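*Asks:* Following this line is input.cif, made up of mmCIF, C-alpha atoms:
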data_query
loop_
_atom_site.label_atom_id
_atom_site.label_comp_id
_atom_site.auth_asym_id
_atom_site.auth_seq_id
_atom_site.Cartn_x
_atom_site.Cartn_y
_atom_site.Cartn_z
CA MET F 13 108.06 278.83 0.05
CA ASN F 14 107.32 277.89 3.67
CA LYS F 15 109.97 275.34 4.73
CA ALA F 16 107.46 273.75 7.15
CA GLY F 17 105.25 272.88 4.20
CA LYS F 18 101.55 272.15 4.41
CA VAL F 19 99.66 269.53 6.43
CA LEU F 20 97.25 267.67 4.14
CA SER F 21 95.74 265.13 6.55
CA VAL F 22 96.18 263.39 9.89
CA ASN F 23 95.39 259.69 10.15
CA PRO F 24 93.70 258.45 12.19
CA PRO F 25 91.65 261.40 13.48
CA TYR F 26 91.56 259.90 17.01
CA ALA F 27 94.40 258.81 19.28
CA ILE F 28 95.44 258.22 22.86
CA PRO F 29 98.80 259.37 24.25
CA GLY F 30 101.60 257.20 22.94
CA GLY F 31 99.80 256.37 19.70
CA GLU F 32 101.43 256.78 16.29
CA VAL F 33 99.73 259.16 13.85
CA LEU F 34 100.50 259.53 10.18
CA ILE F 35 100.65 263.11 8.89
CA GLN F 36 100.49 263.53 5.14
CA CYS F 37 102.13 266.77 4.08
CA GLU F 38 103.79 268.48 1.15
CA ASN F 39 107.01 270.48 0.81
CA PHE F 40 108.17 269.80 4.37
CA GLN F 41 111.91 270.41 4.68
CA ALA F 42 113.83 268.59 7.38
CA ASN F 43 116.50 271.12 8.38
CA ARG F 44 119.97 269.59 8.34
CA ASP F 45 120.76 271.22 11.67
CA GLY F 46 117.89 269.32 13.28
CA VAL F 47 115.73 272.40 13.83
CA TYR F 48 112.48 270.84 12.74
CA GLY F 49 109.65 268.91 14.27
CA CYS F 50 105.99 268.15 14.76
CA TYR F 51 104.06 269.77 17.61
CA PHE F 52 100.85 268.83 19.43
CA ASN F 53 99.40 271.91 21.14
CA GLY F 54 102.93 273.27 21.28
CA GLN F 55 104.52 270.08 22.66
CA LYS F 56 107.22 268.60 20.47
CA ALA F 57 106.48 265.02 19.46
CA HIS F 58 108.92 262.19 19.00
CA LEU F 59 109.22 261.42 15.29
CA VAL F 60 109.37 257.84 14.05
CA GLY F 61 109.97 258.99 10.47
CA ALA F 62 110.01 262.18 8.44
CA SER F 63 110.12 263.06 4.74
CA ASP F 64 108.84 265.93 2.64
CA GLU F 65 105.52 264.08 2.17
CA ARG F 66 104.96 262.13 5.38
CA ILE F 67 105.58 262.42 9.12
CA ILE F 68 105.02 259.62 11.63
CA ALA F 69 104.75 261.12 15.12
CA ILE F 70 104.07 259.79 18.63
CA VAL F 71 101.30 261.60 20.52
CA PRO F 72 102.93 263.25 23.59
CA PRO F 73 101.95 261.79 26.98
CA ASP F 74 100.92 264.93 28.88
CA LEU F 75 98.43 266.77 26.72
CA ASP F 76 95.80 268.59 28.79
CA ALA F 77 93.13 268.87 26.09
CA THR F 78 91.18 266.56 23.79
CA ASP F 79 90.98 269.01 20.87
CA VAL F 80 94.59 269.18 19.78
CA GLU F 81 96.25 271.22 17.03
CA ILE F 82 99.13 269.70 15.11
CA TYR F 83 101.62 271.78 13.16
CA LEU F 84 105.02 271.24 11.55
CA GLU F 85 108.07 273.42 12.06
CA SER F 86 111.27 273.79 10.09
CA GLY F 87 113.86 276.40 10.92
CA ASP F 88 111.86 279.38 12.15
CA GLU F 89 108.76 278.64 10.04
CA LYS F 90 105.52 276.86 10.95
CA SER F 91 102.81 275.22 8.91
CA GLU F 92 99.12 275.94 9.30
CA PRO F 93 97.66 273.61 11.96
CA ALA F 94 95.48 270.54 11.54
CA SER F 95 93.39 268.99 14.30
CA ILE F 96 93.11 265.65 16.06
CA THR F 97 91.11 264.36 19.05
CA VAL F 98 93.25 262.87 21.82
CA GLY F 99 91.80 260.76 24.62
CA GLU F 100 91.71 262.01 28.20
CA LYS F 101 93.26 259.70 30.78
CA LEU F 102 90.65 258.68 33.36
CA ALA F 103 92.67 256.31 35.57
CA ASP F 104 95.97 254.46 35.64
CA ASP F 105 97.95 252.00 37.79
CA LEU F 106 95.62 249.25 36.59
CA HIS F 107 96.09 245.90 34.88
CA LEU F 108 93.40 245.39 32.26
CA VAL F 109 93.39 242.37 29.98
CA ALA F 110 89.96 242.81 28.30
CA ASN F 111 87.13 245.30 27.82
CA PRO F 112 86.03 247.50 30.72
CA ALA F 113 82.27 247.56 31.35
CA ILE F 114 79.71 250.34 31.85
CA ASP F 115 77.23 249.91 34.71
CA PRO F 116 73.77 250.57 33.19
CA LYS F 117 72.49 251.86 36.54
CA ASP F 118 74.82 254.85 36.97
CA ASP F 119 77.24 254.90 34.00
CA SER F 120 80.24 254.12 36.20
CA ILE F 121 83.03 252.03 34.66
CA VAL F 122 84.24 248.75 36.13
CA LEU F 123 87.99 248.19 35.76
CA THR F 124 90.47 245.53 36.83
CA ARG F 125 93.93 245.05 38.27
CA SER F 126 94.29 241.50 37.07
CA GLY F 127 97.82 240.46 37.98
CA ALA F 128 99.73 237.41 36.78
CA ARG F 129 97.88 234.11 36.72
CA GLY F 130 97.60 232.76 40.24
CA GLN F 131 98.66 236.07 41.82
CA GLN F 132 96.24 237.40 44.44
CA LEU F 133 96.53 241.18 44.64
CA PRO F 134 95.03 243.12 47.57
CA VAL F 135 92.50 244.87 45.31
CA THR F 136 91.58 243.58 41.86
CA LEU F 137 88.33 245.39 40.97
CA PHE F 138 87.64 249.13 40.76
CA ARG F 139 84.68 251.34 39.96
CA LEU F 140 85.28 254.68 38.24
CA ASP F 141 82.35 256.97 39.05
CA ALA F 142 80.88 259.34 36.49
CA ASP F 143 82.48 262.22 38.46
CA GLY F 144 85.95 260.69 38.03
CA TYR F 145 86.41 259.17 41.50
CA LEU F 146 88.09 255.74 41.45
CA GLN F 147 86.77 253.44 44.16
CA GLU F 148 88.20 250.13 45.28
CA MET F 149 85.68 247.27 45.22
CA MET F 150 85.97 244.92 48.16
CA ALA F 151 84.95 241.79 46.24
CA GLU F 152 87.93 239.44 45.99
CA VAL F 153 88.46 237.84 42.58
CA MET F 154 91.81 236.36 41.64
CA ASN F 155 92.88 237.34 38.11
CA PRO F 156 89.65 239.05 36.99
CA THR F 157 89.63 239.02 33.20
CA ALA F 158 86.32 239.85 31.51
CA VAL F 159 83.65 241.97 33.21
CA ALA F 160 80.05 242.29 31.99
CA PHE F 161 76.58 243.25 33.19
CA ASP F 162 73.47 241.21 32.46
CA ALA F 163 70.08 242.69 31.48
CA GLU F 164 69.18 243.24 35.15
CA GLY F 165 72.36 245.18 35.85
CA GLN F 166 74.09 242.37 37.75
CA LEU F 167 77.88 242.35 37.43
CA PHE F 168 79.74 239.15 36.53
CA VAL F 169 83.50 238.58 36.30
CA THR F 170 85.55 235.71 34.90
CA ASN F 171 88.38 234.33 37.03
CA ARG F 172 90.89 232.70 34.69
CA ALA F 173 93.00 231.27 37.53
CA ASP F 174 90.17 229.14 38.96
CA GLY F 175 88.15 228.67 35.75
CA GLU F 176 84.99 230.25 37.10
CA VAL F 177 82.52 233.09 36.73
CA CYS F 178 81.70 235.12 39.81
CA ARG F 179 78.63 237.23 40.54
CA ILE F 180 79.54 240.46 42.32
CA ASN F 181 77.04 241.50 44.96
CA TYR F 182 77.03 245.14 46.10
CA ASP F 183 80.71 245.49 45.07
CA SER F 184 81.70 243.59 48.21
CA ASP F 185 81.06 239.88 47.70
CA ALA F 186 82.20 237.58 44.90
CA VAL F 187 79.93 234.53 44.70
CA PRO F 188 80.89 231.67 42.34
CA PHE F 189 78.21 231.36 39.65
CA ALA F 190 79.77 228.67 37.46
CA THR F 191 82.94 226.58 37.77
CA ASP F 192 85.04 224.11 35.75
CA LEU F 193 85.28 226.46 32.76
CA GLY F 194 88.94 225.88 31.92
CA VAL F 195 90.90 229.12 31.61
CA ALA F 196 87.80 231.32 31.76
CA THR F 197 88.40 234.59 29.92
CA GLY F 198 85.77 236.14 27.58
CA LEU F 199 82.25 236.91 28.79
CA ALA F 200 79.10 238.12 27.01
CA PHE F 201 75.29 237.92 27.22
CA ASP F 202 72.85 237.42 24.36
CA ASN F 203 69.46 239.16 24.08
CA GLN F 204 67.74 236.27 25.88
CA GLY F 205 70.04 236.65 28.87
CA ALA F 206 72.13 233.54 28.27
CA MET F 207 75.75 233.87 29.35
CA TYR F 208 78.66 232.82 27.15
CA VAL F 209 82.16 232.21 28.50
CA GLY F 210 85.31 231.58 26.50
CA ASP F 211 87.85 229.05 27.75
CA ARG F 212 91.05 230.07 26.02
CA SER F 213 91.95 226.38 25.71
CA GLY F 214 89.40 226.16 22.89
CA THR F 215 85.78 226.00 24.11
CA ILE F 216 82.98 228.55 24.18
CA TYR F 217 80.44 227.65 26.89
CA ARG F 218 76.78 228.65 27.07
CA LEU F 219 75.45 228.94 30.61
CA SER F 220 71.91 228.72 31.89
CA GLY F 221 70.44 231.11 34.45
CA ILE F 222 71.52 228.81 37.26
CA GLY F 223 75.11 228.47 36.04
CA THR F 224 74.90 225.12 34.26
CA ALA F 225 77.42 225.13 31.40
CA GLU F 226 77.34 223.30 28.08
CA PRO F 227 79.83 223.50 25.20
CA PHE F 228 78.54 225.84 22.49
CA ALA F 229 81.42 226.02 20.00
CA ASN F 230 85.08 225.12 19.64
CA LEU F 231 87.94 227.22 18.24
CA GLU F 232 91.70 227.07 18.16
CA PRO F 233 93.29 227.78 21.57
CA SER F 234 94.50 231.30 22.30
CA VAL F 235 97.84 232.21 23.86
CA SER F 236 96.13 234.99 25.78
CA ALA F 237 92.33 235.09 26.05
CA TYR F 238 89.08 234.83 24.19
CA HIS F 239 87.16 238.10 23.81
CA LEU F 240 83.41 237.97 23.10
CA ALA F 241 80.74 240.35 21.77
CA PHE F 242 77.36 239.93 20.08
CA ASP F 243 76.35 241.68 16.87
CA ALA F 244 72.83 242.96 16.12
CA GLU F 245 71.85 239.60 14.56
CA GLU F 246 72.81 237.72 17.73
CA ASN F 247 75.93 236.21 16.22
CA LEU F 248 78.76 235.80 18.69
CA CYS F 249 81.96 237.51 17.56
CA VAL F 250 85.17 236.10 19.03
CA SER F 251 88.77 237.24 18.92
CA ALA F 252 91.47 234.81 19.97
CA PRO F 253 94.91 236.41 19.89
CA GLY F 254 97.73 234.15 18.81
CA LEU F 255 101.35 234.51 17.83
CA SER F 256 100.63 235.46 14.21
CA SER F 257 100.44 239.00 12.84
CA TYR F 258 97.58 237.80 10.63
CA ASP F 259 95.01 236.50 13.13
CA SER F 260 91.30 236.03 12.51
CA VAL F 261 88.12 237.23 14.15
CA TYR F 262 85.35 234.61 14.14
CA LEU F 263 81.57 234.74 13.97
CA ILE F 264 79.49 231.98 15.58
CA ASP F 265 75.77 231.72 14.76
CA LYS F 266 72.97 230.69 17.13
CA ASN F 267 73.56 227.02 16.35
CA GLY F 268 77.26 227.15 17.19
CA ALA F 269 78.45 227.10 13.57
CA GLU F 270 81.67 229.08 13.23
CA LYS F 271 83.07 231.02 10.28
CA GLU F 272 85.87 233.48 9.73
CA TYR F 273 84.61 237.07 9.98
CA TYR F 274 87.83 238.94 9.23
CA ARG F 275 91.45 237.88 8.83
CA GLY F 276 94.53 240.10 8.97
CA LEU F 277 94.89 241.46 12.51
CA GLY F 278 97.82 241.30 14.87
CA ARG F 279 96.87 240.20 18.40
CA PRO F 280 93.13 241.05 18.24
CA GLN F 281 91.71 241.52 21.73
CA GLY F 282 88.69 243.34 23.25
CA LEU F 283 85.88 244.19 20.81
CA ALA F 284 82.50 245.90 20.57
CA PHE F 285 79.87 246.71 17.93
CA ASP F 286 78.18 250.05 17.30
CA ARG F 287 74.54 250.46 16.29
CA GLU F 288 75.43 250.64 12.60
CA GLY F 289 77.07 247.21 12.68
CA ASN F 290 80.69 248.38 12.67
CA LEU F 291 83.08 246.29 14.73
CA TYR F 292 85.75 248.01 16.82
CA ILE F 293 88.62 245.92 18.13
CA ALA F 294 91.89 246.49 19.95
CA ALA F 295 94.46 245.15 17.51
CA CYS F 296 97.28 245.84 15.09
CA LEU F 297 96.50 246.40 11.40
CA GLN F 298 99.32 246.43 8.86
CA GLY F 299 101.84 247.39 11.51
CA ARG F 300 99.71 250.15 13.04
CA HIS F 301 98.40 249.77 16.58
CA GLY F 302 95.21 250.94 18.25
CA ILE F 303 91.48 250.48 17.76
CA VAL F 304 90.62 248.98 14.38
CA LYS F 305 87.24 249.65 12.79
CA ILE F 306 85.81 246.91 10.55
CA SER F 307 82.73 247.92 8.56
CA PRO F 308 79.89 245.48 7.74
CA ASP F 309 81.40 245.08 4.25
CA LYS F 310 84.69 244.01 5.91
CA LYS F 311 86.74 247.12 5.18
CA ALA F 312 89.25 247.70 7.97
CA GLU F 313 91.04 250.86 9.07
CA ILE F 314 92.77 252.23 12.14
CA PHE F 315 90.12 254.28 13.93
CA ALA F 316 92.14 255.43 16.95
CA ALA F 317 95.91 255.22 17.37
CA GLY F 318 97.27 253.78 20.58
CA MET F 319 99.88 251.36 21.86
CA ASN F 320 99.07 248.37 24.10
CA ALA F 321 95.28 248.69 23.70
CA VAL F 322 93.48 245.66 25.15
CA GLY F 323 89.81 246.64 24.96
CA LEU F 324 87.09 249.25 24.68
CA CYS F 325 83.46 250.02 25.40
CA PHE F 326 80.98 252.80 24.60
CA THR F 327 79.16 255.08 27.03
CA ARG F 328 75.67 256.54 26.83
CA LYS F 329 77.28 259.89 25.96
CA GLY F 330 78.86 258.54 22.78
CA GLU F 331 82.34 258.23 24.28
CA MET F 332 84.69 255.40 23.49
CA ILE F 333 86.47 254.16 26.59
CA VAL F 334 89.83 252.74 25.48
CA ALA F 335 91.71 250.44 27.83
CA THR F 336 95.43 249.80 27.65
CA GLY F 337 97.29 247.40 29.88
CA ASP F 338 97.58 249.96 32.67
CA ALA F 339 95.19 252.86 31.99
CA VAL F 340 91.83 253.91 30.56
CA TYR F 341 91.06 256.89 28.31
CA SER F 342 87.91 258.63 27.15
CA LEU F 343 87.52 259.60 23.48
CA PRO F 344 84.51 261.76 22.50
CA VAL F 345 83.67 260.03 19.21
CA GLY F 346 79.87 260.41 19.08
CA ILE F 347 79.36 256.67 18.59
CA TYR F 348 76.91 254.51 20.51
CA GLY F 349 77.29 250.82 21.24
CA THR F 350 74.71 248.07 21.04
CA LEU F 351 74.73 247.28 24.77
CA LEU F 352 73.40 250.62 26.05
CA ASP F 353 69.98 252.17 25.44
#
Show me the file's structure as structure tokens.

*Replies:*
Amino acid sequence: MNKAGKVLSVNPPYAIPGGEVLIQCENFQANRDGVYGCYFNGQKAHLVGASDERIIAIVPPDLDATDVEIYLESGDEKSEPASITVGEKLADDLHLVANPAIDPKDDSIVLTRSGARGQQLPVTLFRLDADGYLQEMMAEVMNPTAVAFDAEGQLFVTNRADGEVCRINYDSDAVPFATDLGVATGLAFDNQGAMYVGDRSGTIYRLSGIGTAEPFANLEPSVSAYHLAFDAEENLCVSAPGLSSYDSVYLIDKNGAEKEYYRGLGRPQGLAFDREGNLYIAACLQGRHGIVKISPDKKAEIFAAGMNAVGLCFTRKGEMIVATGDAVYSLPVGIYGTLLD
């Protein structure tokens, strides 16, 4: 009998470096001399736990491929490999606190270096071109939090330090669009072009085309930020991370009536819907971290493993862009979001 056993499954099938994956196996024998392990494209992974039926492994940080083979080893024997898709790092040395955003004009990705509240960094906004070149944007926004494009392709950014939304002109000028929005964090547009901004103190604002704000809904305050996204029925989905490991995601209808959409997530943050109505959200589910997928019938599972995920978005190529606190990764998942044609 092969001492390395047999790999039965890898869950989840997607991950970014540093994520924990669960490998179901059979007949794996952990050698008493310590000559055993789990390997990703030949790189030995750190093991969180190991038994003859289950391995919990950390995806190594320096993989140079997205299609990765995983195999087990015990003594001088190896198992047959299984496969997993690992995200490619696109950029680092950032400070993201919400979803990145895809520019509908050229598919570039807008990213942030947010900094601590009230801290003005030299450069706070970046544009990652489709060819992989990271450009500094000259527009000055203190503590940029949420970034989003309207239907005309105009970029807007929330500034949580000053409680405002800024319009970014030609990547070089930040023009205040609306002010007095509390601790302005989440940002989203509905199909009619109305802007919604979440004040993490407890209010969701709806803004007119000239920046006039009116309260739309009220929720419990968040210790971090509100994150906003619309579903296909024009309901506003809101995550508001708290201190509980059993937080809720809320759904607010067109009249501002709020209900609980899903409960049971740890620190739910950036979120997005696909065209089939599935919700993807950066969160922790039953102790496992990464991107959680919640189906329309409210079944939840870890879709992509990753630590410190804060947000995501989808590209026109079916990629999922996953943002952690300091980096962004591309995962070729073949899924398309609702915001891109």

*Asks:* Where does range 29-132 of chain F meet range 140-164 of chain F within 8 Å, residue by residue, with the nearest atom pair and distance in Å to one decimal for each, counting all atoms listed in the file, listed by chain and rising number, as CSV?

*Replies:*
residue,atom,partner,partner_atom,distance
F:Leu102,CA,F:Gly144,CA,6.9
F:Ala103,CA,F:Leu146,CA,7.5
F:Leu108,CA,F:Thr157,CA,7.5
F:Val109,CA,F:Thr157,CA,6.0
F:Ala110,CA,F:Ala158,CA,5.7
F:Asn111,CA,F:Ala158,CA,6.6
F:Pro112,CA,F:Val159,CA,6.5
F:Ala113,CA,F:Ala160,CA,5.8
F:Ile114,CA,F:Phe161,CA,7.9
F:Asp115,CA,F:Phe161,CA,6.9
F:Pro116,CA,F:Phe161,CA,7.8
F:Asp118,CA,F:Ala142,CA,7.6
F:Asp119,CA,F:Ala142,CA,6.3
F:Ser120,CA,F:Asp141,CA,4.5
F:Ile121,CA,F:Leu140,CA,5.0
F:Val122,CA,F:Leu140,CA,6.4
F:Leu123,CA,F:Leu140,CA,7.5
F:Thr124,CA,F:Pro156,CA,6.5
F:Arg125,CA,F:Pro156,CA,7.5
F:Ser126,CA,F:Asn155,CA,4.5
F:Gly127,CA,F:Asn155,CA,5.8
F:Ala128,CA,F:Asn155,CA,7.0
F:Arg129,CA,F:Asn155,CA,6.1
F:Gly130,CA,F:Asn155,CA,6.9
F:Gln131,CA,F:Met154,CA,6.9
F:Gln132,CA,F:Met154,CA,5.3

*Asks:* Have a look at CA of Tyr48 in chain F and CA of Pro24 in chain F and let me know their distance in Å, one decimal.

*Replies:*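 CA of Pro24 in chain F lies 22.5 Å from CA of Tyr48 in chain F.
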
*Asks:* Using the chain letters and numbering of this document, enumerate as a PyMOL selection string the residues selected by the PyMOL selection byres ((chain F and resi 78-83) around 12).

*Replies:* chain F and resi 16-23+25-29+33-37+40+48-57+67+69-72+74-77+84-86+89-101+341-345

*Asks:* Around (85.4, 255.9, 21.3) in the file's own coordinates, what residues are found within 12 Å if you use only C-alpha atoms, given back as number ranges by chain?

*Replies:* F: 25-28, 97-100, 283-286, 291-294, 302-305, 315-317, 323-335, 340-349

*Asks:* Name the closest residue to Asp338 in chain F among the candidates F:Tyr182, F:Ala225, F:Leu219, F:Asp104; distances are taken between atoms, counting only C-alpha atoms.

*Replies:*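 Checking each of F:Tyr182, F:Ala225, F:Leu219, F:Asp104 against Asp338 in chain F, counting only C-alpha atoms, the winner is F:Asp104.
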
*Asks:* Compare F:Ala200, F:Ala206, F:Leu133, F:Leu167 by their minimum atom-to-atom distance to Lys117 in chain F, counting only C-alpha atoms, and give me the closest one.

*Replies:*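 Answer, going by the shortest atom-to-atom distance: F:Leu167.
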
*Asks:* Let me make sure I understand: among F:Ala321, F:Asp309, F:Gly268, F:Thr350, which one has the smallest atom-to-atom distance to Arg287 in chain F if we use all atoms listed in the file?

*Replies:*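 When distances to Arg287 in chain F are compared using all atoms listed in the file, the smallest one comes from F:Thr350.
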
*Asks:* Can you pull out every residue within 9 Å of Val187 in chain F, counting all atoms listed in the file, but drop anything in the same chain fewer than 5 positions away, and send it as a PyMOL selection string?

*Replies:* chain F and resi 151+177-181

*Asks:* Using the block above, I'd like range 146-241 of chain F written out, keeping C-alpha atoms and formatting it as a PDB file, in the first residue's frame.

*Replies:*
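The resulting result_5.pdb:
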ATOM      1  CA  LEU F 146       0.707  49.956 -12.224  1.00  0.00           C
ATOM      2  CA  GLN F 147       0.323  53.719 -12.576  1.00  0.00           C
ATOM      3  CA  GLU F 148       0.065  56.285  -9.822  1.00  0.00           C
ATOM      4  CA  MET F 149      -2.990  58.532 -10.099  1.00  0.00           C
ATOM      5  CA  MET F 150      -2.308  62.147  -9.231  1.00  0.00           C
ATOM      6  CA  ALA F 151      -5.748  62.829  -7.728  1.00  0.00           C
ATOM      7  CA  GLU F 152      -5.393  63.423  -3.988  1.00  0.00           C
ATOM      8  CA  VAL F 153      -7.992  61.691  -1.814  1.00  0.00           C
ATOM      9  CA  MET F 154      -7.371  61.155   1.872  1.00  0.00           C
ATOM     10  CA  ASN F 155      -8.333  57.639   3.004  1.00  0.00           C
ATOM     11  CA  PRO F 156     -10.002  56.444  -0.224  1.00  0.00           C
ATOM     12  CA  THR F 157     -12.304  53.586   0.709  1.00  0.00           C
ATOM     13  CA  ALA F 158     -14.843  52.515  -1.928  1.00  0.00           C
ATOM     14  CA  VAL F 159     -14.262  53.095  -5.645  1.00  0.00           C
ATOM     15  CA  ALA F 160     -16.956  52.757  -8.326  1.00  0.00           C
ATOM     16  CA  PHE F 161     -17.772  53.836 -11.876  1.00  0.00           C
ATOM     17  CA  ASP F 162     -21.149  55.215 -12.924  1.00  0.00           C
ATOM     18  CA  ALA F 163     -22.948  54.294 -16.172  1.00  0.00           C
ATOM     19  CA  GLU F 164     -20.976  56.951 -18.097  1.00  0.00           C
ATOM     20  CA  GLY F 165     -17.636  55.596 -16.921  1.00  0.00           C
ATOM     21  CA  GLN F 166     -16.977  58.384 -14.417  1.00  0.00           C
ATOM     22  CA  LEU F 167     -14.941  57.327 -11.381  1.00  0.00           C
ATOM     23  CA  PHE F 168     -16.094  58.193  -7.861  1.00  0.00           C
ATOM     24  CA  VAL F 169     -14.313  57.545  -4.557  1.00  0.00           C
ATOM     25  CA  THR F 170     -15.476  57.793  -0.952  1.00  0.00           C
ATOM     26  CA  ASN F 171     -13.265  59.638   1.525  1.00  0.00           C
ATOM     27  CA  ARG F 172     -14.056  58.311   4.997  1.00  0.00           C
ATOM     28  CA  ALA F 173     -11.869  60.887   6.766  1.00  0.00           C
ATOM     29  CA  ASP F 174     -13.823  63.887   5.458  1.00  0.00           C
ATOM     30  CA  GLY F 175     -17.200  62.182   4.950  1.00  0.00           C
ATOM     31  CA  GLU F 176     -17.411  62.936   1.254  1.00  0.00           C
ATOM     32  CA  VAL F 177     -17.575  61.451  -2.224  1.00  0.00           C
ATOM     33  CA  CYS F 178     -15.118  62.731  -4.805  1.00  0.00           C
ATOM     34  CA  ARG F 179     -15.366  62.663  -8.586  1.00  0.00           C
ATOM     35  CA  ILE F 180     -12.021  61.835 -10.192  1.00  0.00           C
ATOM     36  CA  ASN F 181     -11.356  63.759 -13.389  1.00  0.00           C
ATOM     37  CA  TYR F 182      -8.727  62.394 -15.794  1.00  0.00           C
ATOM     38  CA  ASP F 183      -6.978  60.599 -12.890  1.00  0.00           C
ATOM     39  CA  SER F 184      -5.522  63.928 -11.784  1.00  0.00           C
ATOM     40  CA  ASP F 185      -8.199  65.959  -9.999  1.00  0.00           C
ATOM     41  CA  ALA F 186     -10.440  64.983  -7.092  1.00  0.00           C
ATOM     42  CA  VAL F 187     -13.539  67.189  -7.030  1.00  0.00           C
ATOM     43  CA  PRO F 188     -15.924  66.934  -4.043  1.00  0.00           C
ATOM     44  CA  PHE F 189     -19.296  65.668  -5.283  1.00  0.00           C
ATOM     45  CA  ALA F 190     -21.134  65.309  -1.966  1.00  0.00           C
ATOM     46  CA  THR F 191     -20.196  66.130   1.625  1.00  0.00           C
ATOM     47  CA  ASP F 192     -21.492  65.652   5.193  1.00  0.00           C
ATOM     48  CA  LEU F 193     -21.885  61.889   4.739  1.00  0.00           C
ATOM     49  CA  GLY F 194     -20.535  60.809   8.118  1.00  0.00           C
ATOM     50  CA  VAL F 195     -17.828  58.158   7.839  1.00  0.00           C
ATOM     51  CA  ALA F 196     -18.389  57.598   4.116  1.00  0.00           C
ATOM     52  CA  THR F 197     -17.387  54.073   3.132  1.00  0.00           C
ATOM     53  CA  GLY F 198     -19.519  51.920   0.769  1.00  0.00           C
ATOM     54  CA  LEU F 199     -20.467  53.136  -2.712  1.00  0.00           C
ATOM     55  CA  ALA F 200     -22.754  51.729  -5.421  1.00  0.00           C
ATOM     56  CA  PHE F 201     -24.986  52.843  -8.309  1.00  0.00           C
ATOM     57  CA  ASP F 202     -28.424  51.508  -9.214  1.00  0.00           C
ATOM     58  CA  ASN F 203     -29.664  50.975 -12.787  1.00  0.00           C
ATOM     59  CA  GLN F 204     -31.150  54.482 -12.881  1.00  0.00           C
ATOM     60  CA  GLY F 205     -27.781  56.021 -12.059  1.00  0.00           C
ATOM     61  CA  ALA F 206     -28.573  57.017  -8.477  1.00  0.00           C
ATOM     62  CA  MET F 207     -25.602  56.841  -6.127  1.00  0.00           C
ATOM     63  CA  TYR F 208     -25.765  55.176  -2.716  1.00  0.00           C
ATOM     64  CA  VAL F 209     -23.215  55.812   0.020  1.00  0.00           C
ATOM     65  CA  GLY F 210     -22.886  53.993   3.325  1.00  0.00           C
ATOM     66  CA  ASP F 211     -21.988  55.936   6.453  1.00  0.00           C
ATOM     67  CA  ARG F 212     -20.592  53.296   8.778  1.00  0.00           C
ATOM     68  CA  SER F 213     -22.219  55.121  11.693  1.00  0.00           C
ATOM     69  CA  GLY F 214     -25.547  53.670  10.531  1.00  0.00           C
ATOM     70  CA  THR F 215     -27.042  55.482   7.519  1.00  0.00           C
ATOM     71  CA  ILE F 216     -27.288  54.591   3.848  1.00  0.00           C
ATOM     72  CA  TYR F 217     -27.649  57.753   1.731  1.00  0.00           C
ATOM     73  CA  ARG F 218     -29.166  58.072  -1.732  1.00  0.00           C
ATOM     74  CA  LEU F 219     -27.673  60.881  -3.801  1.00  0.00           C
ATOM     75  CA  SER F 220     -29.105  62.763  -6.735  1.00  0.00           C
ATOM     76  CA  GLY F 221     -27.155  63.564  -9.893  1.00  0.00           C
ATOM     77  CA  ILE F 222     -26.062  66.872  -8.403  1.00  0.00           C
ATOM     78  CA  GLY F 223     -24.853  65.368  -5.124  1.00  0.00           C
ATOM     79  CA  THR F 224     -27.845  66.108  -2.902  1.00  0.00           C
ATOM     80  CA  ALA F 225     -28.068  63.387  -0.253  1.00  0.00           C
ATOM     81  CA  GLU F 226     -31.093  62.000   1.562  1.00  0.00           C
ATOM     82  CA  PRO F 227     -31.254  59.145   4.086  1.00  0.00           C
ATOM     83  CA  PHE F 228     -32.393  55.931   2.392  1.00  0.00           C
ATOM     84  CA  ALA F 229     -32.083  53.300   5.130  1.00  0.00           C
ATOM     85  CA  ASN F 230     -30.615  52.781   8.581  1.00  0.00           C
ATOM     86  CA  LEU F 231     -28.639  49.808   9.920  1.00  0.00           C
ATOM     87  CA  GLU F 232     -26.545  49.018  12.949  1.00  0.00           C
ATOM     88  CA  PRO F 233     -23.171  50.821  12.933  1.00  0.00           C
ATOM     89  CA  SER F 234     -20.126  48.963  11.646  1.00  0.00           C
ATOM     90  CA  VAL F 235     -16.731  48.863  13.329  1.00  0.00           C
ATOM     91  CA  SER F 236     -15.092  49.001   9.912  1.00  0.00           C
ATOM     92  CA  ALA F 237     -17.123  49.969   6.840  1.00  0.00           C
ATOM     93  CA  TYR F 238     -20.310  49.421   4.923  1.00  0.00           C
ATOM     94  CA  HIS F 239     -19.911  47.552   1.629  1.00  0.00           C
ATOM     95  CA  LEU F 240     -22.637  47.909  -1.031  1.00  0.00           C
ATOM     96  CA  ALA F 241     -23.734  46.020  -4.160  1.00  0.00           C
TER      97      ALA F 241
END
